[in-house]
>>> print(open('start15.txt').read())   # compact mmCIF, N, CA and C atoms and all ligand atoms
# COMPACT_ATOMS: atom_id res chain seq x y z
N MET A 1 0.85 -1.20 0.00
CA MET A 1 0.00 0.00 0.00
C MET A 1 0.88 1.25 0.00
N THR A 2 0.61 2.12 -0.95
CA THR A 2 1.30 3.40 -1.01
C THR A 2 0.24 4.47 -0.85
N ALA A 3 0.38 5.29 0.18
CA ALA A 3 -0.70 6.19 0.61
C ALA A 3 -1.17 7.13 -0.49
N ASP A 4 -0.23 7.61 -1.33
CA ASP A 4 -0.64 8.59 -2.33
C ASP A 4 -0.96 7.95 -3.68
N CYS A 5 -1.16 6.65 -3.70
CA CYS A 5 -1.46 5.96 -4.96
C CYS A 5 -2.97 5.75 -5.07
N ILE A 6 -3.58 6.29 -6.11
CA ILE A 6 -5.03 6.21 -6.26
C ILE A 6 -5.49 4.76 -6.40
N PHE A 7 -4.72 3.92 -7.08
CA PHE A 7 -5.16 2.53 -7.25
C PHE A 7 -5.04 1.76 -5.93
N CYS A 8 -4.01 2.04 -5.13
CA CYS A 8 -3.95 1.43 -3.79
C CYS A 8 -5.16 1.85 -2.97
N ARG A 9 -5.55 3.09 -3.10
CA ARG A 9 -6.72 3.58 -2.35
C ARG A 9 -8.00 2.88 -2.79
N ILE A 10 -8.13 2.66 -4.10
CA ILE A 10 -9.30 1.93 -4.62
C ILE A 10 -9.27 0.48 -4.11
N ILE A 11 -8.11 -0.15 -4.19
CA ILE A 11 -7.97 -1.55 -3.74
C ILE A 11 -8.35 -1.67 -2.26
N ASN A 12 -7.98 -0.67 -1.49
CA ASN A 12 -8.26 -0.70 -0.04
C ASN A 12 -9.62 -0.08 0.32
N LYS A 13 -10.41 0.20 -0.72
CA LYS A 13 -11.79 0.73 -0.53
C LYS A 13 -11.79 2.09 0.17
N GLU A 14 -10.70 2.83 0.02
CA GLU A 14 -10.65 4.19 0.57
C GLU A 14 -11.09 5.22 -0.48
N SER A 15 -11.11 4.79 -1.75
CA SER A 15 -11.66 5.61 -2.83
C SER A 15 -12.65 4.76 -3.60
N ASP A 16 -13.67 5.42 -4.13
CA ASP A 16 -14.72 4.69 -4.85
C ASP A 16 -14.26 4.31 -6.25
N ALA A 17 -14.73 3.14 -6.66
CA ALA A 17 -14.58 2.71 -8.05
C ALA A 17 -15.61 1.60 -8.25
N GLU A 18 -15.98 1.40 -9.51
CA GLU A 18 -16.92 0.31 -9.79
C GLU A 18 -16.12 -0.97 -9.99
N ILE A 19 -15.98 -1.72 -8.91
CA ILE A 19 -15.17 -2.93 -8.94
C ILE A 19 -15.97 -4.06 -9.61
N VAL A 20 -15.33 -4.73 -10.57
CA VAL A 20 -16.02 -5.80 -11.31
C VAL A 20 -15.44 -7.17 -10.99
N TYR A 21 -14.30 -7.21 -10.32
CA TYR A 21 -13.68 -8.50 -9.96
C TYR A 21 -12.67 -8.26 -8.86
N GLU A 22 -12.59 -9.19 -7.91
CA GLU A 22 -11.46 -9.17 -6.97
C GLU A 22 -11.17 -10.55 -6.43
N ASP A 23 -9.90 -10.82 -6.22
CA ASP A 23 -9.48 -12.03 -5.51
C ASP A 23 -8.30 -11.63 -4.62
N GLU A 24 -7.58 -12.61 -4.11
CA GLU A 24 -6.55 -12.25 -3.12
C GLU A 24 -5.36 -11.50 -3.71
N ASP A 25 -5.19 -11.59 -5.02
CA ASP A 25 -4.02 -10.95 -5.66
C ASP A 25 -4.39 -9.81 -6.62
N ILE A 26 -5.61 -9.81 -7.11
CA ILE A 26 -5.97 -8.95 -8.25
C ILE A 26 -7.32 -8.27 -8.02
N VAL A 27 -7.40 -7.00 -8.44
CA VAL A 27 -8.68 -6.26 -8.41
C VAL A 27 -8.88 -5.67 -9.81
N ALA A 28 -10.12 -5.66 -10.29
CA ALA A 28 -10.44 -5.03 -11.57
C ALA A 28 -11.62 -4.09 -11.37
N PHE A 29 -11.54 -2.93 -12.03
CA PHE A 29 -12.60 -1.93 -11.89
C PHE A 29 -12.73 -1.14 -13.18
N LYS A 30 -13.86 -0.43 -13.31
CA LYS A 30 -14.12 0.36 -14.52
C LYS A 30 -13.25 1.61 -14.53
N ASP A 31 -12.71 1.93 -15.70
CA ASP A 31 -11.94 3.17 -15.84
C ASP A 31 -12.90 4.36 -15.72
N VAL A 32 -12.52 5.36 -14.96
CA VAL A 32 -13.41 6.50 -14.71
C VAL A 32 -13.57 7.37 -15.96
N TYR A 33 -12.61 7.33 -16.88
CA TYR A 33 -12.71 8.05 -18.16
C TYR A 33 -12.62 7.04 -19.30
N PRO A 34 -13.70 6.31 -19.55
CA PRO A 34 -13.61 5.20 -20.50
C PRO A 34 -13.28 5.65 -21.92
N ALA A 35 -12.34 4.95 -22.54
CA ALA A 35 -11.94 5.23 -23.93
C ALA A 35 -12.68 4.32 -24.90
N ALA A 36 -13.54 3.44 -24.39
CA ALA A 36 -14.31 2.51 -25.21
C ALA A 36 -15.53 2.11 -24.38
N PRO A 37 -16.57 1.54 -25.01
CA PRO A 37 -17.76 1.15 -24.25
C PRO A 37 -17.43 0.25 -23.05
N VAL A 38 -16.48 -0.67 -23.22
CA VAL A 38 -15.96 -1.43 -22.09
C VAL A 38 -14.50 -1.00 -21.89
N HIS A 39 -14.21 -0.47 -20.72
CA HIS A 39 -12.83 -0.07 -20.41
C HIS A 39 -12.58 -0.40 -18.94
N LEU A 40 -11.91 -1.53 -18.73
CA LEU A 40 -11.63 -2.01 -17.38
C LEU A 40 -10.14 -1.92 -17.10
N LEU A 41 -9.80 -1.76 -15.83
CA LEU A 41 -8.41 -1.77 -15.40
C LEU A 41 -8.21 -2.97 -14.50
N ILE A 42 -7.22 -3.79 -14.82
CA ILE A 42 -6.93 -5.00 -14.04
C ILE A 42 -5.60 -4.75 -13.33
N VAL A 43 -5.62 -4.78 -12.00
CA VAL A 43 -4.43 -4.36 -11.24
C VAL A 43 -4.06 -5.39 -10.19
N PRO A 44 -2.77 -5.58 -9.95
CA PRO A 44 -2.35 -6.41 -8.82
C PRO A 44 -2.60 -5.65 -7.52
N ARG A 45 -2.96 -6.35 -6.47
CA ARG A 45 -3.13 -5.68 -5.16
C ARG A 45 -1.81 -5.07 -4.69
N ARG A 46 -0.72 -5.79 -4.98
CA ARG A 46 0.60 -5.30 -4.56
C ARG A 46 0.99 -4.08 -5.39
N HIS A 47 1.53 -3.08 -4.74
CA HIS A 47 1.93 -1.86 -5.45
C HIS A 47 3.23 -2.10 -6.21
N ILE A 48 3.08 -2.41 -7.50
CA ILE A 48 4.22 -2.52 -8.41
C ILE A 48 4.11 -1.30 -9.31
N PRO A 49 5.09 -0.37 -9.30
CA PRO A 49 4.89 0.89 -10.02
C PRO A 49 4.66 0.73 -11.52
N THR A 50 5.52 -0.07 -12.16
CA THR A 50 5.42 -0.12 -13.62
C THR A 50 5.97 -1.43 -14.17
N LEU A 51 5.81 -1.60 -15.47
CA LEU A 51 6.17 -2.87 -16.12
C LEU A 51 7.62 -3.27 -15.87
N VAL A 52 8.52 -2.29 -15.90
CA VAL A 52 9.95 -2.63 -15.75
C VAL A 52 10.31 -3.05 -14.33
N ASP A 53 9.39 -2.86 -13.38
CA ASP A 53 9.65 -3.29 -12.00
C ASP A 53 9.32 -4.76 -11.77
N LEU A 54 8.74 -5.42 -12.77
CA LEU A 54 8.40 -6.83 -12.60
C LEU A 54 9.66 -7.67 -12.49
N LYS A 55 9.62 -8.65 -11.61
CA LYS A 55 10.76 -9.54 -11.41
C LYS A 55 10.37 -10.94 -11.90
N GLU A 56 11.38 -11.80 -12.01
CA GLU A 56 11.12 -13.13 -12.52
C GLU A 56 10.06 -13.85 -11.68
N GLU A 57 10.07 -13.61 -10.37
CA GLU A 57 9.10 -14.28 -9.50
C GLU A 57 7.67 -13.76 -9.68
N ASP A 58 7.51 -12.72 -10.48
CA ASP A 58 6.17 -12.18 -10.76
C ASP A 58 5.53 -12.82 -11.99
N THR A 59 6.21 -13.77 -12.61
CA THR A 59 5.72 -14.37 -13.85
C THR A 59 4.31 -14.95 -13.68
N LEU A 60 4.09 -15.63 -12.57
CA LEU A 60 2.77 -16.23 -12.32
C LEU A 60 1.71 -15.14 -12.21
N LEU A 61 2.05 -14.06 -11.50
CA LEU A 61 1.11 -12.96 -11.33
C LEU A 61 0.73 -12.35 -12.69
N VAL A 62 1.73 -12.15 -13.55
CA VAL A 62 1.45 -11.58 -14.87
C VAL A 62 0.51 -12.50 -15.66
N GLY A 63 0.76 -13.80 -15.56
CA GLY A 63 -0.13 -14.76 -16.22
C GLY A 63 -1.54 -14.68 -15.67
N ARG A 64 -1.66 -14.50 -14.37
CA ARG A 64 -2.98 -14.41 -13.76
C ARG A 64 -3.68 -13.10 -14.16
N LEU A 65 -2.93 -12.02 -14.27
CA LEU A 65 -3.53 -10.75 -14.71
C LEU A 65 -4.15 -10.91 -16.11
N VAL A 66 -3.42 -11.57 -16.99
CA VAL A 66 -3.94 -11.80 -18.34
C VAL A 66 -5.13 -12.76 -18.29
N GLY A 67 -5.04 -13.77 -17.43
CA GLY A 67 -6.16 -14.71 -17.29
C GLY A 67 -7.43 -14.03 -16.80
N VAL A 68 -7.29 -13.15 -15.81
CA VAL A 68 -8.45 -12.41 -15.29
C VAL A 68 -9.00 -11.50 -16.40
N ALA A 69 -8.11 -10.86 -17.14
CA ALA A 69 -8.56 -10.00 -18.24
C ALA A 69 -9.37 -10.82 -19.25
N ASN A 70 -8.90 -12.00 -19.60
CA ASN A 70 -9.62 -12.85 -20.55
C ASN A 70 -10.97 -13.29 -19.98
N ASP A 71 -11.01 -13.64 -18.69
CA ASP A 71 -12.29 -14.02 -18.06
C ASP A 71 -13.27 -12.85 -18.11
N LEU A 72 -12.76 -11.65 -17.83
CA LEU A 72 -13.62 -10.47 -17.85
C LEU A 72 -14.11 -10.19 -19.28
N ALA A 73 -13.23 -10.38 -20.26
CA ALA A 73 -13.64 -10.20 -21.66
C ALA A 73 -14.81 -11.12 -21.98
N ARG A 74 -14.75 -12.36 -21.48
CA ARG A 74 -15.88 -13.29 -21.69
C ARG A 74 -17.12 -12.78 -20.97
N SER A 75 -16.97 -12.34 -19.70
CA SER A 75 -18.13 -11.85 -18.92
C SER A 75 -18.79 -10.65 -19.58
N PHE A 76 -17.97 -9.81 -20.23
CA PHE A 76 -18.52 -8.61 -20.86
C PHE A 76 -18.83 -8.84 -22.34
N ASP A 77 -18.86 -10.13 -22.73
CA ASP A 77 -19.26 -10.51 -24.11
C ASP A 77 -18.35 -9.94 -25.18
N LEU A 78 -17.08 -9.86 -24.89
CA LEU A 78 -16.13 -9.34 -25.88
C LEU A 78 -15.36 -10.45 -26.58
N ASP A 79 -15.52 -11.69 -26.11
CA ASP A 79 -14.64 -12.75 -26.59
C ASP A 79 -14.87 -13.08 -28.06
N LYS A 80 -16.10 -12.94 -28.54
CA LYS A 80 -16.36 -13.23 -29.96
C LYS A 80 -15.97 -12.04 -30.84
N SER A 81 -16.29 -10.82 -30.37
CA SER A 81 -16.06 -9.63 -31.18
C SER A 81 -14.60 -9.19 -31.16
N GLY A 82 -13.91 -9.46 -30.04
CA GLY A 82 -12.51 -9.07 -29.91
C GLY A 82 -12.32 -7.91 -28.95
N TYR A 83 -11.09 -7.73 -28.52
CA TYR A 83 -10.79 -6.70 -27.52
C TYR A 83 -9.29 -6.44 -27.53
N ARG A 84 -8.87 -5.48 -26.72
CA ARG A 84 -7.45 -5.11 -26.68
C ARG A 84 -6.99 -5.03 -25.24
N LEU A 85 -5.82 -5.57 -24.96
CA LEU A 85 -5.15 -5.39 -23.67
C LEU A 85 -3.96 -4.47 -23.89
N VAL A 86 -3.83 -3.47 -23.00
CA VAL A 86 -2.76 -2.48 -23.13
C VAL A 86 -2.09 -2.29 -21.78
N ILE A 87 -0.76 -2.21 -21.79
CA ILE A 87 -0.02 -1.79 -20.60
C ILE A 87 0.87 -0.62 -21.02
N ASN A 88 0.62 0.54 -20.46
CA ASN A 88 1.48 1.69 -20.71
C ASN A 88 2.62 1.68 -19.69
N CYS A 89 3.82 1.95 -20.16
CA CYS A 89 4.99 1.90 -19.27
C CYS A 89 5.78 3.19 -19.36
N GLY A 90 5.81 3.91 -18.25
CA GLY A 90 6.67 5.09 -18.14
C GLY A 90 6.14 6.30 -18.90
N ARG A 91 6.88 7.37 -18.81
CA ARG A 91 6.44 8.68 -19.31
C ARG A 91 6.14 8.64 -20.81
N GLU A 92 7.08 8.15 -21.60
CA GLU A 92 6.85 8.16 -23.05
C GLU A 92 5.93 7.03 -23.48
N GLY A 93 5.67 6.08 -22.58
CA GLY A 93 4.68 5.03 -22.85
C GLY A 93 3.28 5.48 -22.51
N GLY A 94 3.15 6.71 -21.99
CA GLY A 94 1.82 7.25 -21.70
C GLY A 94 1.26 6.84 -20.35
N GLN A 95 2.13 6.33 -19.45
CA GLN A 95 1.63 5.93 -18.13
C GLN A 95 1.37 7.16 -17.28
N VAL A 96 0.20 7.19 -16.66
CA VAL A 96 -0.19 8.31 -15.80
C VAL A 96 -0.27 7.86 -14.34
N VAL A 97 -0.81 6.68 -14.12
CA VAL A 97 -0.92 6.14 -12.76
C VAL A 97 0.17 5.09 -12.57
N TYR A 98 1.04 5.35 -11.61
CA TYR A 98 2.20 4.47 -11.40
C TYR A 98 1.91 3.35 -10.42
N HIS A 99 0.90 2.57 -10.78
CA HIS A 99 0.58 1.28 -10.14
C HIS A 99 0.21 0.39 -11.33
N LEU A 100 1.03 -0.63 -11.59
CA LEU A 100 0.88 -1.47 -12.77
C LEU A 100 -0.59 -1.83 -13.03
N HIS A 101 -1.02 -1.70 -14.28
CA HIS A 101 -2.39 -2.06 -14.63
C HIS A 101 -2.48 -2.43 -16.09
N LEU A 102 -3.41 -3.34 -16.39
CA LEU A 102 -3.77 -3.67 -17.76
C LEU A 102 -5.06 -2.95 -18.09
N HIS A 103 -5.12 -2.34 -19.26
CA HIS A 103 -6.38 -1.80 -19.78
C HIS A 103 -7.03 -2.90 -20.62
N LEU A 104 -8.29 -3.18 -20.35
CA LEU A 104 -9.09 -4.06 -21.22
C LEU A 104 -10.10 -3.17 -21.93
N LEU A 105 -9.95 -3.09 -23.26
CA LEU A 105 -10.78 -2.19 -24.07
C LEU A 105 -11.57 -2.99 -25.09
N GLY A 106 -12.84 -2.66 -25.23
CA GLY A 106 -13.65 -3.34 -26.23
C GLY A 106 -15.04 -2.75 -26.32
N GLY A 107 -15.87 -3.40 -27.13
CA GLY A 107 -17.25 -2.94 -27.30
C GLY A 107 -17.43 -2.05 -28.51
N LYS A 108 -16.35 -1.80 -29.25
CA LYS A 108 -16.44 -1.10 -30.53
C LYS A 108 -15.22 -1.51 -31.35
N ALA A 109 -15.23 -1.15 -32.63
CA ALA A 109 -14.07 -1.46 -33.47
C ALA A 109 -12.96 -0.48 -33.12
N LEU A 110 -11.88 -1.00 -32.56
CA LEU A 110 -10.76 -0.15 -32.15
C LEU A 110 -9.84 0.08 -33.35
N SER A 111 -9.20 1.24 -33.36
CA SER A 111 -8.29 1.56 -34.46
C SER A 111 -7.14 0.56 -34.53
N PRO A 112 -6.84 0.06 -35.73
CA PRO A 112 -5.68 -0.82 -35.88
C PRO A 112 -4.39 -0.02 -35.97
N ALA A 113 -4.47 1.32 -35.87
CA ALA A 113 -3.31 2.18 -36.14
C ALA A 113 -2.14 1.92 -35.20
N ILE A 114 -2.44 1.45 -33.97
CA ILE A 114 -1.38 1.26 -32.98
C ILE A 114 -0.30 0.32 -33.52
N ALA A 115 -0.72 -0.66 -34.31
CA ALA A 115 0.22 -1.64 -34.83
C ALA A 115 1.08 -1.04 -35.94
N ARG A 116 0.69 0.12 -36.44
CA ARG A 116 1.45 0.76 -37.52
C ARG A 116 2.22 1.98 -37.01
N GLY A 117 2.28 2.13 -35.70
CA GLY A 117 3.07 3.22 -35.12
C GLY A 117 2.44 4.58 -35.26
N ARG A 118 1.13 4.61 -35.41
CA ARG A 118 0.46 5.91 -35.55
C ARG A 118 -0.37 6.26 -34.31
N GLY A 119 -0.05 5.69 -33.21
CA GLY A 119 -0.81 6.00 -31.98
C GLY A 119 -2.05 5.16 -31.90
N VAL A 120 -2.98 5.53 -30.99
CA VAL A 120 -4.18 4.72 -30.74
C VAL A 120 -5.34 5.26 -31.56
P1 LIG B 201 -2.35 4.95 -17.69
O1 LIG B 201 -2.23 6.11 -18.62
O2 LIG B 201 -1.57 5.15 -16.41
O3 LIG B 201 -2.03 3.65 -18.37
O4 LIG B 201 -3.88 4.84 -17.34
C1 LIG B 201 -4.45 5.26 -16.14
C2 LIG B 201 -5.94 5.09 -16.28
O5 LIG B 201 -6.51 5.24 -14.99
C3 LIG B 201 -6.60 6.15 -17.17
O6 LIG B 201 -7.31 5.51 -18.23
C4 LIG B 201 -7.52 6.90 -16.23
O7 LIG B 201 -8.75 7.26 -16.85
C5 LIG B 201 -7.73 5.92 -15.09
N1 LIG B 201 -7.95 6.54 -13.79
C6 LIG B 201 -7.22 7.56 -13.24
N2 LIG B 201 -7.70 7.87 -12.01
C7 LIG B 201 -8.75 7.02 -11.79
C8 LIG B 201 -9.64 6.87 -10.69
O8 LIG B 201 -9.58 7.56 -9.68
N3 LIG B 201 -10.59 5.89 -10.81
C9 LIG B 201 -10.69 5.10 -11.93
N4 LIG B 201 -11.67 4.18 -11.92
N5 LIG B 201 -9.85 5.23 -12.98
C10 LIG B 201 -8.89 6.18 -12.92
ZN ZN B 202 -0.51 1.56 -5.68
>>> encode(input="start15.txt", output="structure tokens")
Amino acid sequence: MTADCIFCRIINKESDAEIVYEDEDIVAFKDVYPAAPVHLLIVPRRHIPTLVDLKEEDTLLVGRLVGVANDLARSFDLDKSGYRLVINCGREGGQVVYHLHLHLLGGKALSPAIARGRGV
């Protein structure tokens, strides 16, 4: 727990969020400024600032984060239509909240431009 981290505060129920999943290691909630009809954030309970802070012993956790994201995609009926998982890392990666999180985006046709280096 890091006192000034908004996601730690949400995980600890000190700040409001629409939580859609939680277990002993992972919490998922709706993004407050959704960029798509479905925009969820999947976060580890442990305060890991960013992608480069992951250690080899976190491999299982990373797999579980992706697994929870896939389960949520099924729950939100995105599995047939498709969806996108995004992790922003650091300043030039567009990271704003420094508590590791996966964005799950779906519910509309997302731009394929990201794969061509033209942004989202
Ligand atoms: P980043 O740019 O760090 O990858 O994404 C951070 C995301 O967190 C943004 O999409 C932003 O809308 C979302 N966010 C920031 N503050 C809050 C908050 O207090 N509650 C919720 N639910 N989402 C937040
Ligand atoms: Zn945190």
>>> residues_near_ligand(input="start15.txt", ligand="ligand ZN 202 (chain B)", cutoff="8 Å", atoms="all atoms listed in the file", output="VMD selection string")
chain A and resid 1 to 11 44 to 49 97 to 100
>>> atom_distance(input="start15.txt", atom1="atom CA of A:Ser75", atom2="atom CA of A:Leu51")
26.1 Å
>>> closest_atom_pairs(input="start15.txt", of="chain A", to="ligand LIG 201 (chain B)", cutoff="5 Å", atoms="only N, CA and C atoms and all ligand atoms", output="tab-separated table")
residue	atom	partner	partner_atom	distance
A:Lys30	C	B:LIG201	N4	4.0
A:Asp31	C	B:LIG201	N4	4.0
A:Val32	N	B:LIG201	N5	3.3
A:Tyr33	N	B:LIG201	O7	3.9
A:Asn88	N	B:LIG201	O3	4.6
A:Gly94	C	B:LIG201	O1	4.0
A:Gln95	C	B:LIG201	O2	3.7
A:Val96	N	B:LIG201	O2	2.7
A:Val97	N	B:LIG201	O2	2.9
>>> closest_residue(input="start15.txt", among="A:Val66, A:Pro112, A:Gly106, A:Glu92", to="A:Ala36", atoms="only N, CA and C atoms")
A:Gly106
>>> closest_residue(input="start15.txt", among="A:Asp71, A:Leu65, A:Glu22, A:Pro37", to="A:Leu110", atoms="only C-alpha atoms")
A:Pro37
>>> residues_around(input="start15.txt", residues="A:Leu105", least_positions_apart="3", cutoff="7 Å", atoms="only C-alpha atoms", output="JSON, numbers by chain")
{"A": [36, 38, 39, 40, 83, 84, 85]}
>>> select_by_dssp(input="start15.txt", residues="stretch 16-111 of chain A", states="helix (DSSP H, G or I)", output="number ranges by chain")
A: 51-53, 56-75
>>> residues_around(input="start15.txt", residues="A:Val86", least_positions_apart="5", cutoff="7 Å", atoms="only N, CA and C atoms", output="short mmCIF file (atom, residue, chain, number, x, y, z; two decimals) with N, CA and C atoms, keeping the file's coordinate frame")
data_model
loop_
_atom_site.label_atom_id
_atom_site.label_comp_id
_atom_site.auth_asym_id
_atom_site.auth_seq_id
_atom_site.Cartn_x
_atom_site.Cartn_y
_atom_site.Cartn_z
N HIS A 101 -1.02 -1.70 -14.28
CA HIS A 101 -2.39 -2.06 -14.63
C HIS A 101 -2.48 -2.43 -16.09
N LEU A 102 -3.41 -3.34 -16.39
CA LEU A 102 -3.77 -3.67 -17.76
C LEU A 102 -5.06 -2.95 -18.09
N HIS A 103 -5.12 -2.34 -19.26
CA HIS A 103 -6.38 -1.80 -19.78
C HIS A 103 -7.03 -2.90 -20.62
N LEU A 104 -8.29 -3.18 -20.35
CA LEU A 104 -9.09 -4.06 -21.22
C LEU A 104 -10.10 -3.17 -21.93
N LEU A 105 -9.95 -3.09 -23.26
CA LEU A 105 -10.78 -2.19 -24.07
C LEU A 105 -11.57 -2.99 -25.09
#
>>> residues_around(input="start15.txt", residues="stretch 27-29 of chain A", least_positions_apart="6", cutoff="5 Å", atoms="all atoms listed in the file", output="VMD selection string")
chain A and resid 18 to 21 40 to 43 45
